[in-house]
Structure formats: C-alpha cells, structure tokens
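Asker: Just so it is clear, I am handing over data_36.tsv, which has TSV, C-alpha atoms and all ligand atoms.
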chain	number	residue	atom	x	y	z
D	1	MET	CA	47.15	8.24	-53.81
D	2	PRO	CA	43.33	8.16	-53.99
D	3	LYS	CA	42.01	8.00	-57.49
D	4	ASN	CA	40.29	11.37	-57.71
D	5	GLN	CA	43.31	13.10	-56.23
D	6	ALA	CA	45.49	11.59	-58.95
D	7	GLN	CA	42.96	12.64	-61.51
D	8	GLU	CA	42.91	16.14	-60.12
D	9	GLN	CA	46.67	16.34	-60.34
D	10	GLN	CA	46.59	15.13	-63.90
D	11	GLU	CA	44.03	17.82	-64.72
D	12	GLU	CA	46.22	20.42	-63.10
D	13	VAL	CA	49.20	19.33	-65.18
D	14	GLU	CA	47.12	19.52	-68.33
D	15	GLU	CA	45.83	22.93	-67.38
D	16	PHE	CA	49.38	24.09	-66.80
D	17	ASN	CA	50.57	22.73	-70.15
D	18	HIS	CA	47.72	24.45	-71.85
D	19	LEU	CA	48.64	27.74	-70.20
D	20	GLU	CA	52.28	27.30	-71.17
D	21	LYS	CA	51.26	26.82	-74.80
D	22	ASP	CA	49.17	29.97	-74.70
D	23	LEU	CA	52.06	31.93	-73.27
D	24	GLU	CA	54.41	30.57	-75.93
D	25	ALA	CA	52.01	31.55	-78.66
D	26	ALA	CA	51.71	35.04	-77.21
D	27	ALA	CA	55.48	35.37	-77.05
D	28	VAL	CA	55.84	34.39	-80.71
D	29	GLU	CA	53.16	36.88	-81.69
D	30	GLU	CA	54.93	39.60	-79.75
D	31	ALA	CA	58.28	38.79	-81.34
D	32	VAL	CA	56.74	39.06	-84.81
D	33	GLU	CA	55.17	42.40	-83.97
D	34	GLU	CA	58.45	43.62	-82.57
D	35	LYS	CA	60.34	42.66	-85.73
D	36	SER	CA	57.80	44.34	-87.93
D	37	GLY	CA	58.20	47.49	-85.85
D	38	ILE	CA	54.60	47.54	-84.66
D	39	VAL	CA	55.54	47.78	-81.02
D	40	LYS	CA	58.86	48.57	-79.43
D	41	LYS	CA	59.63	46.67	-76.28
D	42	TYR	CA	61.18	48.42	-73.35
D	43	GLU	CA	61.97	46.53	-70.23
D	44	PHE	CA	63.22	49.37	-68.05
D	45	ILE	CA	62.27	53.01	-68.07
D	46	GLU	CA	65.86	53.90	-69.06
D	47	ASP	CA	65.30	52.06	-72.34
D	48	ILE	CA	63.00	54.87	-73.44
D	49	SER	CA	64.88	57.47	-75.46
D	50	GLY	CA	65.08	60.74	-73.57
D	51	VAL	CA	65.15	59.01	-70.20
D	52	GLY	CA	68.70	59.26	-68.96
D	53	PRO	CA	69.92	58.02	-65.58
D	54	ALA	CA	69.08	61.28	-63.78
D	55	THR	CA	65.56	61.51	-65.22
D	56	ALA	CA	65.03	57.83	-64.49
D	57	GLN	CA	66.04	58.38	-60.89
D	58	LYS	CA	63.61	61.28	-60.51
D	59	LEU	CA	60.84	59.32	-62.18
D	60	ARG	CA	61.43	56.48	-59.74
D	61	GLU	CA	61.20	58.88	-56.85
D	62	LEU	CA	57.82	59.97	-58.18
D	63	GLY	CA	56.69	56.35	-58.33
D	64	TYR	CA	57.21	55.63	-62.04
D	65	ARG	CA	59.35	52.53	-62.00
D	66	THR	CA	57.78	50.64	-64.85
D	67	VAL	CA	57.01	51.44	-68.47
D	68	GLU	CA	53.38	50.50	-67.76
D	69	ALA	CA	53.01	53.20	-65.13
D	70	LEU	CA	54.68	55.80	-67.38
D	71	ALA	CA	52.26	55.00	-70.17
D	72	MET	CA	49.34	55.93	-67.95
D	73	ALA	CA	50.91	59.13	-66.58
D	74	THR	CA	49.77	62.63	-67.46
D	75	MET	CA	52.12	65.27	-68.91
D	76	ARG	CA	51.86	67.33	-65.77
D	77	GLU	CA	52.97	64.42	-63.61
D	78	ILE	CA	56.05	63.81	-65.77
D	79	GLU	CA	56.94	67.51	-66.05
D	80	ALA	CA	57.37	67.44	-62.28
D	81	VAL	CA	60.75	65.72	-62.75
D	82	GLY	CA	62.01	68.86	-64.46
D	83	VAL	CA	61.70	68.01	-68.15
D	84	SER	CA	60.06	70.20	-70.78
D	85	ASP	CA	56.46	69.57	-71.76
D	86	LYS	CA	57.70	68.38	-75.15
D	87	LYS	CA	59.98	65.82	-73.59
D	88	ALA	CA	57.32	64.73	-71.12
D	89	SER	CA	55.00	64.11	-74.01
D	90	GLN	CA	57.68	62.15	-75.91
D	91	ILE	CA	58.37	59.95	-72.89
D	92	ILE	CA	54.70	59.16	-72.39
D	93	GLN	CA	54.21	58.46	-76.10
D	94	ALA	CA	57.17	56.10	-76.18
D	95	ALA	CA	55.91	54.27	-73.11
D	96	ARG	CA	52.44	54.04	-74.63
D	97	SER	CA	53.69	52.64	-77.90
D	98	ALA	CA	55.75	50.13	-75.93
D	99	ILE	CA	52.72	48.66	-74.25
D	100	GLY	CA	50.43	49.26	-77.18
D	101	VAL	CA	48.11	52.00	-75.96
D	102	SER	CA	47.37	54.64	-78.55
D	103	PHE	CA	44.68	55.32	-81.11
D	104	ILE	CA	43.08	52.12	-82.22
D	105	ARG	CA	40.33	51.12	-84.59
D	106	ALA	CA	37.00	50.25	-83.02
D	107	ASP	CA	37.28	46.63	-84.08
D	108	GLN	CA	40.56	46.46	-82.22
D	109	LEU	CA	38.79	48.00	-79.26
D	110	LEU	CA	36.80	44.81	-79.16
D	111	LYS	CA	40.05	42.89	-78.86
D	112	GLN	CA	41.13	45.13	-75.99
D	113	ARG	CA	37.77	44.54	-74.32
D	114	GLN	CA	38.34	40.83	-74.71
D	115	ASN	CA	41.38	41.17	-72.51
D	116	VAL	CA	39.07	42.21	-69.70
D	117	ALA	CA	39.00	39.28	-67.31
D	118	ARG	CA	36.52	38.57	-64.54
D	119	LEU	CA	37.04	37.69	-60.94
D	120	SER	CA	34.44	35.67	-59.07
D	121	THR	CA	33.17	37.04	-55.76
D	122	GLY	CA	32.40	33.59	-54.36
D	123	SER	CA	28.66	34.11	-54.79
D	124	LYS	CA	27.15	33.06	-58.10
D	125	ALA	CA	24.27	35.43	-57.49
D	126	LEU	CA	26.57	38.42	-57.02
D	127	ASP	CA	28.65	37.35	-60.01
D	128	LYS	CA	25.50	37.24	-62.10
D	129	LEU	CA	24.70	40.81	-61.07
D	130	VAL	CA	27.97	41.96	-62.62
D	131	ALA	CA	27.82	39.73	-65.70
D	132	GLY	CA	30.15	37.03	-64.43
D	133	GLY	CA	32.43	38.72	-61.91
D	134	LEU	CA	34.38	41.87	-61.16
D	135	GLU	CA	36.13	43.29	-64.21
D	136	THR	CA	39.80	44.01	-64.66
D	137	GLN	CA	40.87	47.44	-65.97
D	138	SER	CA	38.40	49.42	-63.91
D	139	ILE	CA	37.40	50.23	-60.34
D	140	THR	CA	34.60	48.47	-58.49
D	141	GLU	CA	33.31	50.11	-55.33
D	142	PHE	CA	31.50	48.31	-52.51
D	143	TYR	CA	29.69	50.64	-50.17
D	144	GLY	CA	27.50	50.12	-47.15
D	145	GLU	CA	27.12	50.53	-43.41
D	146	TYR	CA	29.51	48.97	-40.91
D	147	GLY	CA	29.13	45.21	-40.80
D	148	SER	CA	27.53	45.09	-44.23
D	149	GLY	CA	30.31	42.80	-45.46
D	150	LYS	CA	32.60	45.09	-47.47
D	151	SER	CA	35.81	43.86	-45.87
D	152	GLN	CA	34.56	40.28	-45.96
D	153	VAL	CA	34.14	40.56	-49.72
D	154	CYS	CA	37.68	41.97	-49.96
D	155	HIS	CA	39.08	39.02	-48.02
D	156	GLN	CA	37.23	36.56	-50.24
D	157	LEU	CA	38.55	38.25	-53.37
D	158	CYS	CA	42.11	37.92	-52.01
D	159	VAL	CA	41.68	34.16	-52.05
D	160	ASN	CA	39.61	33.88	-55.23
D	161	VAL	CA	42.03	35.87	-57.39
D	162	GLN	CA	44.60	33.13	-56.83
D	163	LEU	CA	42.37	30.48	-58.40
D	164	SER	CA	42.73	29.43	-62.02
D	165	LEU	CA	40.67	31.17	-64.71
D	166	GLU	CA	38.35	28.15	-64.95
D	167	LYS	CA	37.58	28.44	-61.27
D	168	GLY	CA	36.78	32.15	-61.43
D	169	GLY	CA	40.22	33.45	-60.45
D	170	LEU	CA	42.95	35.32	-62.31
D	171	ASN	CA	45.99	33.25	-61.34
D	172	GLY	CA	47.41	36.28	-59.61
D	173	GLY	CA	48.33	37.96	-56.37
D	174	VAL	CA	46.87	40.79	-54.31
D	175	LEU	CA	47.97	44.22	-53.18
D	176	TYR	CA	45.94	45.08	-50.08
D	177	ILE	CA	45.98	48.62	-48.75
D	178	ASP	CA	44.32	48.59	-45.36
D	179	THR	CA	43.41	51.93	-43.81
D	180	GLU	CA	41.45	50.75	-40.78
D	181	ASN	CA	43.56	47.81	-39.68
D	182	THR	CA	40.76	45.36	-40.34
D	183	PHE	CA	42.64	42.86	-42.50
D	184	ARG	CA	42.62	39.47	-40.72
D	185	LEU	CA	44.86	36.61	-41.79
D	186	GLU	CA	42.67	34.18	-39.85
D	187	ARG	CA	39.85	34.93	-42.25
D	188	ILE	CA	42.09	34.31	-45.26
D	189	VAL	CA	43.12	30.96	-43.76
D	190	GLN	CA	39.48	29.98	-43.14
D	191	MET	CA	38.46	30.91	-46.68
D	192	ALA	CA	41.48	29.22	-48.27
D	193	ASN	CA	40.82	26.02	-46.35
D	194	HIS	CA	37.22	26.07	-47.43
D	195	LEU	CA	38.31	26.19	-51.08
D	196	GLY	CA	40.83	23.41	-50.54
D	197	LEU	CA	43.82	25.70	-51.04
D	198	ASN	CA	46.99	25.63	-48.98
D	199	PRO	CA	46.70	28.67	-46.68
D	200	GLU	CA	50.46	29.01	-46.41
D	201	GLU	CA	50.71	29.44	-50.17
D	202	VAL	CA	47.71	31.73	-50.32
D	203	VAL	CA	49.04	34.21	-47.77
D	204	LYS	CA	52.34	34.42	-49.65
D	205	ASN	CA	50.52	35.96	-52.59
D	206	ILE	CA	49.03	38.81	-50.60
D	207	ILE	CA	51.16	41.93	-50.40
D	208	TYR	CA	49.84	43.91	-47.48
D	209	ALA	CA	50.35	47.52	-46.43
D	210	GLU	CA	48.67	49.48	-43.70
D	211	ALA	CA	48.13	53.13	-44.57
D	212	TYR	CA	48.41	55.47	-41.59
D	213	THR	CA	47.18	58.69	-43.18
D	214	SER	CA	45.58	59.71	-46.46
D	215	ASP	CA	48.95	60.93	-47.71
D	216	HIS	CA	50.50	57.61	-46.81
D	217	GLN	CA	47.65	55.81	-48.56
D	218	MET	CA	48.35	57.84	-51.71
D	219	PHE	CA	52.08	57.29	-51.39
D	220	LEU	CA	51.65	53.52	-51.18
D	221	LEU	CA	49.63	53.37	-54.38
D	222	GLU	CA	51.89	55.82	-56.18
D	223	ASN	CA	54.86	53.59	-55.45
D	224	SER	CA	53.27	50.26	-56.15
D	225	ASP	CA	53.86	49.68	-59.85
D	226	GLU	CA	57.04	47.67	-59.42
D	227	VAL	CA	55.54	45.53	-56.67
D	228	ILE	CA	52.51	44.88	-58.85
D	229	LYS	CA	54.62	43.81	-61.77
D	230	ALA	CA	57.05	41.68	-59.76
D	231	ASN	CA	54.30	39.80	-57.93
D	232	ASN	CA	51.90	39.32	-60.84
D	233	ILE	CA	49.27	41.22	-58.92
D	234	LYS	CA	45.81	41.01	-60.43
D	235	LEU	CA	43.79	42.55	-57.61
D	236	ILE	CA	44.37	45.90	-55.92
D	237	ILE	CA	42.27	46.63	-52.85
D	238	VAL	CA	41.86	49.87	-50.91
D	239	ASP	CA	39.81	49.15	-47.77
D	240	SER	CA	38.54	51.73	-46.94
D	241	LEU	CA	38.99	54.46	-49.49
D	242	MET	CA	37.56	57.35	-47.52
D	243	ALA	CA	38.27	56.69	-43.82
D	244	HIS	CA	41.44	58.81	-43.63
D	245	PHE	CA	40.26	61.47	-46.05
D	246	ARG	CA	37.10	61.93	-44.03
D	247	SER	CA	38.80	62.23	-40.69
D	248	GLU	CA	41.61	64.51	-41.89
D	249	TYR	CA	39.75	66.94	-44.12
D	250	ILE	CA	37.06	68.49	-42.02
D	251	GLY	CA	34.74	71.31	-42.96
D	252	ARG	CA	33.86	73.09	-46.14
D	253	GLU	CA	37.16	74.95	-46.50
D	254	MET	CA	39.05	71.70	-46.90
D	255	LEU	CA	36.62	70.03	-49.24
D	256	ALA	CA	38.18	71.29	-52.47
D	257	SER	CA	41.68	70.12	-51.57
D	258	ARG	CA	40.34	66.79	-50.35
D	259	GLN	CA	38.52	66.20	-53.63
D	260	GLN	CA	41.60	67.15	-55.60
D	261	LYS	CA	43.71	64.57	-53.75
D	262	LEU	CA	40.99	61.98	-53.99
D	263	ASN	CA	40.77	62.53	-57.72
D	264	LYS	CA	44.50	61.96	-58.05
D	265	HIS	CA	44.30	58.82	-55.91
D	266	MET	CA	41.45	57.30	-57.92
D	267	HIS	CA	43.12	58.28	-61.19
D	268	LYS	CA	46.24	56.42	-60.09
D	269	LEU	CA	44.25	53.35	-59.08
D	270	ASN	CA	42.47	53.30	-62.41
D	271	ALA	CA	45.74	53.71	-64.29
D	272	LEU	CA	47.29	50.77	-62.44
D	273	ALA	CA	44.25	48.58	-63.06
D	274	ARG	CA	44.49	49.32	-66.77
D	275	ALA	CA	48.23	49.05	-67.08
D	276	PHE	CA	48.37	45.66	-65.38
D	277	ASN	CA	44.96	44.28	-66.40
D	278	ALA	CA	44.03	44.02	-62.73
D	279	VAL	CA	40.79	44.28	-60.78
D	280	ALA	CA	40.66	47.36	-58.52
D	281	VAL	CA	38.33	47.33	-55.53
D	282	VAL	CA	37.60	50.11	-53.07
D	283	THR	CA	35.25	50.02	-50.13
D	284	ASN	CA	33.31	53.06	-49.07
D	285	GLN	CA	31.29	54.28	-46.14
D	286	VAL	CA	27.83	55.78	-46.30
D	287	MET	CA	26.08	58.80	-44.87
D	288	ALA	CA	22.42	59.49	-44.38
D	289	LYS	CA	20.79	61.92	-46.76
D	290	PRO	CA	17.28	62.34	-45.41
D	291	ASP	CA	16.22	64.59	-48.28
D	292	GLN	CA	16.42	61.67	-50.73
D	293	PHE	CA	12.67	61.02	-50.98
D	294	PHE	CA	12.65	58.46	-53.72
D	295	SER	CA	16.05	56.82	-53.56
D	296	ASP	CA	18.13	55.16	-50.88
D	297	PRO	CA	18.70	57.58	-47.98
D	298	LEU	CA	22.15	56.03	-47.45
D	299	VAL	CA	24.56	57.42	-50.01
D	300	PRO	CA	28.26	56.67	-50.43
D	301	VAL	CA	30.64	59.39	-49.24
D	302	GLY	CA	33.30	61.00	-51.42
D	303	GLY	CA	30.96	62.89	-53.74
D	304	ASN	CA	31.09	63.04	-57.50
D	305	ILE	CA	34.79	62.28	-57.78
D	306	VAL	CA	34.37	58.81	-56.32
D	307	GLY	CA	31.06	58.36	-58.12
D	308	HIS	CA	32.58	59.07	-61.49
D	309	THR	CA	35.81	57.16	-61.05
D	310	SER	CA	34.28	53.92	-59.72
D	311	GLN	CA	32.87	52.45	-62.89
D	312	THR	CA	30.88	49.83	-61.01
D	313	ARG	CA	29.19	50.57	-57.67
D	314	ILE	CA	27.65	47.90	-55.50
D	315	ALA	CA	25.68	48.68	-52.35
D	316	LEU	CA	25.75	46.07	-49.58
D	317	ARG	CA	23.31	45.86	-46.73
D	318	ARG	CA	22.29	43.44	-44.03
D	319	ALA	CA	19.00	41.68	-44.68
D	320	SER	CA	18.34	40.88	-41.04
D	321	LYS	CA	20.37	39.89	-38.03
D	322	GLY	CA	21.73	36.75	-39.68
D	323	GLU	CA	24.27	36.00	-42.37
D	324	VAL	CA	22.21	37.25	-45.28
D	325	ARG	CA	23.31	40.32	-47.20
D	326	ILE	CA	21.72	42.10	-50.11
D	327	ALA	CA	23.91	43.37	-52.93
D	328	ARG	CA	22.52	46.00	-55.25
D	329	LEU	CA	24.21	47.05	-58.46
D	330	VAL	CA	23.76	50.80	-58.39
D	331	SER	CA	25.81	51.92	-61.30
D	332	SER	CA	27.56	50.21	-64.17
D	333	PRO	CA	28.66	51.50	-67.57
D	334	TYR	CA	26.60	48.89	-69.39
D	335	LEU	CA	24.59	46.65	-67.03
D	336	PRO	CA	21.08	47.15	-65.67
D	337	ASP	CA	20.62	47.77	-61.95
D	338	GLY	CA	19.55	44.80	-59.90
D	339	GLU	CA	19.62	43.07	-56.54
D	340	GLU	CA	20.80	39.67	-55.35
D	341	VAL	CA	21.12	37.97	-51.97
D	342	LEU	CA	24.25	36.32	-50.60
D	343	LYS	CA	25.65	35.15	-47.28
D	344	VAL	CA	28.65	36.05	-45.17
D	345	THR	CA	29.61	32.92	-43.25
D	346	ALA	CA	32.68	31.38	-41.63
D	347	ASN	CA	33.50	29.98	-45.09
D	348	GLY	CA	33.39	33.42	-46.65
D	349	ILE	CA	31.04	34.81	-49.28
D	350	GLU	CA	28.48	32.23	-50.31
D	351	ASP	CA	25.14	31.82	-52.03
D	352	MET	CA	21.95	31.14	-50.15
D	353	THR	CA	20.72	27.60	-50.66
D	354	GLU	CA	17.33	27.06	-52.29
D	355	GLU	CA	15.94	25.84	-48.94
D	356	GLU	CA	17.16	28.98	-47.21
D	357	LYS	CA	15.59	31.16	-49.87
D	358	ALA	CA	12.31	29.28	-49.55
D	359	ALA	CA	12.39	29.54	-45.76
D	360	LYS	CA	12.95	33.31	-46.00
D	361	LYS	CA	9.92	33.73	-48.19
D	362	ARG	CA	7.66	31.91	-45.74
R	1	LIG	N1	34.40	34.33	-39.05
R	1	LIG	C1	33.20	34.79	-39.40
R	1	LIG	N2	32.15	33.97	-39.52
R	1	LIG	C2	30.95	34.41	-39.88
R	1	LIG	N3	30.67	35.69	-40.13
R	1	LIG	C3	31.67	36.58	-40.02
R	1	LIG	C4	32.99	36.19	-39.66
R	1	LIG	N4	33.76	37.27	-39.63
R	1	LIG	C5	32.96	38.31	-39.96
R	1	LIG	N5	31.71	37.90	-40.21
R	1	LIG	C6	30.55	38.73	-40.54
R	1	LIG	O1	30.99	39.89	-41.20
R	1	LIG	C7	30.58	41.04	-40.47
R	1	LIG	C8	31.63	42.10	-40.60
R	1	LIG	O2	31.65	42.49	-41.93
R	1	LIG	P1	32.75	43.44	-42.52
R	1	LIG	O3	33.94	43.46	-41.64
R	1	LIG	O4	32.95	43.06	-43.92
R	1	LIG	O5	32.02	44.84	-42.43
R	1	LIG	P2	32.35	46.15	-43.24
R	1	LIG	O6	31.26	46.34	-44.20
R	1	LIG	O7	33.72	46.09	-43.75
R	1	LIG	O8	32.19	47.23	-42.07
R	1	LIG	P3	33.06	48.53	-41.69
R	1	LIG	O9	32.37	49.68	-42.36
R	1	LIG	O10	32.97	48.59	-40.22
R	1	LIG	O11	34.45	48.30	-42.20
R	1	LIG	C9	30.37	40.58	-39.07
R	1	LIG	O12	29.44	41.40	-38.42
R	1	LIG	C10	29.84	39.18	-39.29
R	1	LIG	O13	28.47	39.24	-39.58
R	2	MG	MG	35.49	47.02	-43.27
Can you give me the file's structure in the form of structure tokens?
Answerer:
Amino acid sequence: MPKNQAQEQQEEVEEFNHLEKDLEAAAVEEAVEEKSGIVKKYEFIEDISGVGPATAQKLRELGYRTVEALAMATMREIEAVGVSDKKASQIIQAARSAIGVSFIRADQLLKQRQNVARLSTGSKALDKLVAGGLETQSITEFYGEYGSGKSQVCHQLCVNVQLSLEKGGLNGGVLYIDTENTFRLERIVQMANHLGLNPEEVVKNIIYAEAYTSDHQMFLLENSDEVIKANNIKLIIVDSLMAHFRSEYIGREMLASRQQKLNKHMHKLNALARAFNAVAVVTNQVMAKPDQFFSDPLVPVGGNIVGHTSQTRIALRRASKGEVRIARLVSSPYLPDGEEVLKVTANGIEDMTEEEKAAKKR
C-alpha cells in the first residue's frame, strides 16, 4: 500500500474512533437526563400516552411515523385523525418533550444554535457568502433562470453531504424530490470521482423520488419522516419547488388555494429540517418584473409564502457564455447581502482560480 494511502486510512480510523467517543458521551448524557426525568424517550409513536394502536395507524396514514415529526405538527394537523383538541395538544406536547423542544432559556438557545451544522457547496467563495456553508434546520432557496446552475448545485450537495464534518459534509444521506426529471446519476458519479469517493457507495445514500404533480410532491414530503430517520438523511432537496404548482394552478382564482398548499408544503419541509437537523434546499424559477426600477427585474416566483419560508435566498446567474456563475445572497436572517463568483464544470461546483479571475478583469 502506498504510504500516503496508509496514512489516510489511519486518519480515517482515528476520525471514526473520535466520532464513536463523541456518540458514547452523548448517549451517557442522554441516559442521565432520562433518569433525572428531564426528557422522556419514546422510540415509537405508540409509546406516547394517548396514542393507541388505532390513533397510531391514522397518524401513520397522515405521514406521522416518527416522534420527531409529531413534535413539529400543528394541533389542526393532529385533530384530523379524529382526536379532541385537548388530546391533540397532549400528543404534541409529549412528542416535544421527548425530543426536547419546548420553552428554553436564551442561553440554552445558544446551545441549540450550536447544533446547527453547515454543508459546503463545493465553492469556498459561495460558502463564505453564507458564513461557511448551508445551514441545517432551515430552508435555503436557490433561484435563477434556466441553466443558471440550480440543479448542478443540488447534485453537488448530494455528494458533499456524505463527506465527513472536517471536509464540509454532514456524514449523511440525501432525500431528493425531483419534479422536472432532471436528476442525473452520471453527474453524481462524475462529482464523486472528482472528490475521490466511491460512486457506488455515494449513489446508495441518495433516496430519490420523482414527483408527478404538486399533490404528489406534497405527499412525498409528508410521508418522508421514517425514510429520513432510517437513512440518516441530512439533506432534503426539492428541485424544483414551483414547477408543478405553477403549471397546475393557473389564473387569479386559483392563486389563494395554491398559496395555501405551498405554505403547508414549505411548513412541512421546515419542520423536517428542524426535527432531523438537516439542510433543506429548494430551487426556484424566476419571472420578469419590469416595474422593478432599482432592483433585479428577475424575481423568484411563489410570492411572499416562499419568500418568508426560505430563510436564506441565493440568486444564481450566468456571468457569460462560459462556466462562470454569480451567486448573490439576497436574503438571510443575519448575514449581509453579497456576491461571489463560482464555476459549474464537469467536476461540479468549483471556485475560479486566481488566474481566471485576473483574466476576467482584463
Ligand atoms: N457535465 C457537465 N460539465 C460541465 N458543465 C455542465 C455539465 N452538466 C451541466 N453543466 C452546466 O450546467 C448547466 C445546467 O445547469 P442546471 O441544470 O443546474 O440549470 P438549472 O438552473 O437547474 O436550470 P432549470 O431552470 O432549467 O432547471 C448547463 O448549461 C452547463 O452549463
Ligand atoms: Mg434545474
């Protein structure tokens, strides 16, 4: 075995041991908390008092198969199984206490924030724009014209999320909801090879579903909690968010019902991202708004609902005919707006080299 390969393997083993130790420590901490009655642990939804076999069955049919998903549900959603509002509230409370979401002190909020992990996009420049990578527990939206690189970024994230934390990944898998049939395994293989990963292993960690209609798209997400948990999914992608909604809900009369459904869909995505500490990414199309005198005439579709539920919005556009793309952070809860350049190449999402940047300026 060549020397550096052996060394790499040794490093991997050490990394693994380190991770194991962390996990052990976390398990001990949890056991102590459990004994002291701070948090109750429920493994299955039936373990929650008030959830009998019949209620559990109905909850499953509605897509609540894990305690995590129940904790993020609204009363109205749970009442739909035919329980009283009081009972619905009790079930949600019990699920919340089980996974430790309730009122907390602000200093503990800091601890919760510390659980937010970051996923690298493959471009250091783009990562810098979002303070180190895409955040877990919230939704990031990429919008732009066709060919601007939205789906390419999604593909790259599918590979990157599988990397170790040190390498910018989250050691996790992907749930990919594809609405336009633009997911390409060949691209995943190319990107995996470029990063020195085994493509056969990489594709095993991508759970793929094609959504045929907007209802189907919603259904897939509503029924994904168990899949997410079982596959240690740390990245949930909806590419593209609006394609079906736009083509099915036409005209002003349908706008209100479209927005209502969209709100539900985004709420669900956000809830899953929070419950499973995962990154959620949606892509979005743009439309021209010629009356925007001072800002970008290309605005993302989906209106205020999408605008308010995507915590981070990144606009992508082509710089010229070549590989170069410009990413602009348009909205973030705490970061300043800004722009960075990156490239979409056969290898995936990359940074421009210093020479390329210099050549562009000339
Ligand atoms: N194998 C590859 N090598 C180099 N560049 C590629 C490769 N595959 C795709 N690209 C680049 O990515 C572009 C397509 O980008 P992408 O599919 O991400 O667009 P999009 O923003 O998702 O558009 P749409 O709105 O149509 O979905 C191509 O035009 C090309 O520039
Ligand atoms: Mg696309």
Asker: Around the point (37.7, 33.5, -40.3) in the file's coordinates, collect all residues with an atom within 9 Å, using only C-alpha atoms, and return them as an NGL selection string.
Answerer: :D and (184-191 or 345-348)
Asker: Could you jot down the CA of Gln259 in chain D to CA of His308 in chain D separation for me, Å, one decimal place?
Answerer: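 For CA of Gln259 in chain D relative to CA of His308 in chain D, the distance reads 12.2 Å.
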Asker: Can you work out which one of D:Thr66, D:Thr283, D:Ser257, D:Gln137 has the shortest atom-to-atom distance to Ile48 in chain D, counting all atoms listed in the file?
Answerer: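 Closest to Ile48 in chain D, using all atoms listed in the file: D:Thr66.
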Asker: Using all atoms listed in the file, which residues of the polymer chains come no farther than 9 Å from ligand LIG 1 (chain R)? I'd like the answer as a PyMOL selection string.
Answerer: chain D and resi 142-155+180+182-183+186-187+190+239-240+283-286+316-318+321-324+343-348
Asker: Restricting the calculation to only C-alpha atoms and all ligand atoms, which member of D:Met352, D:Met242, D:Ala275, D:Leu255 is positioned closest to ligand MG 2 (chain R)?
Answerer: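 When distances to ligand MG 2 (chain R) are compared using only C-alpha atoms and all ligand atoms, the smallest one comes from D:Met242.
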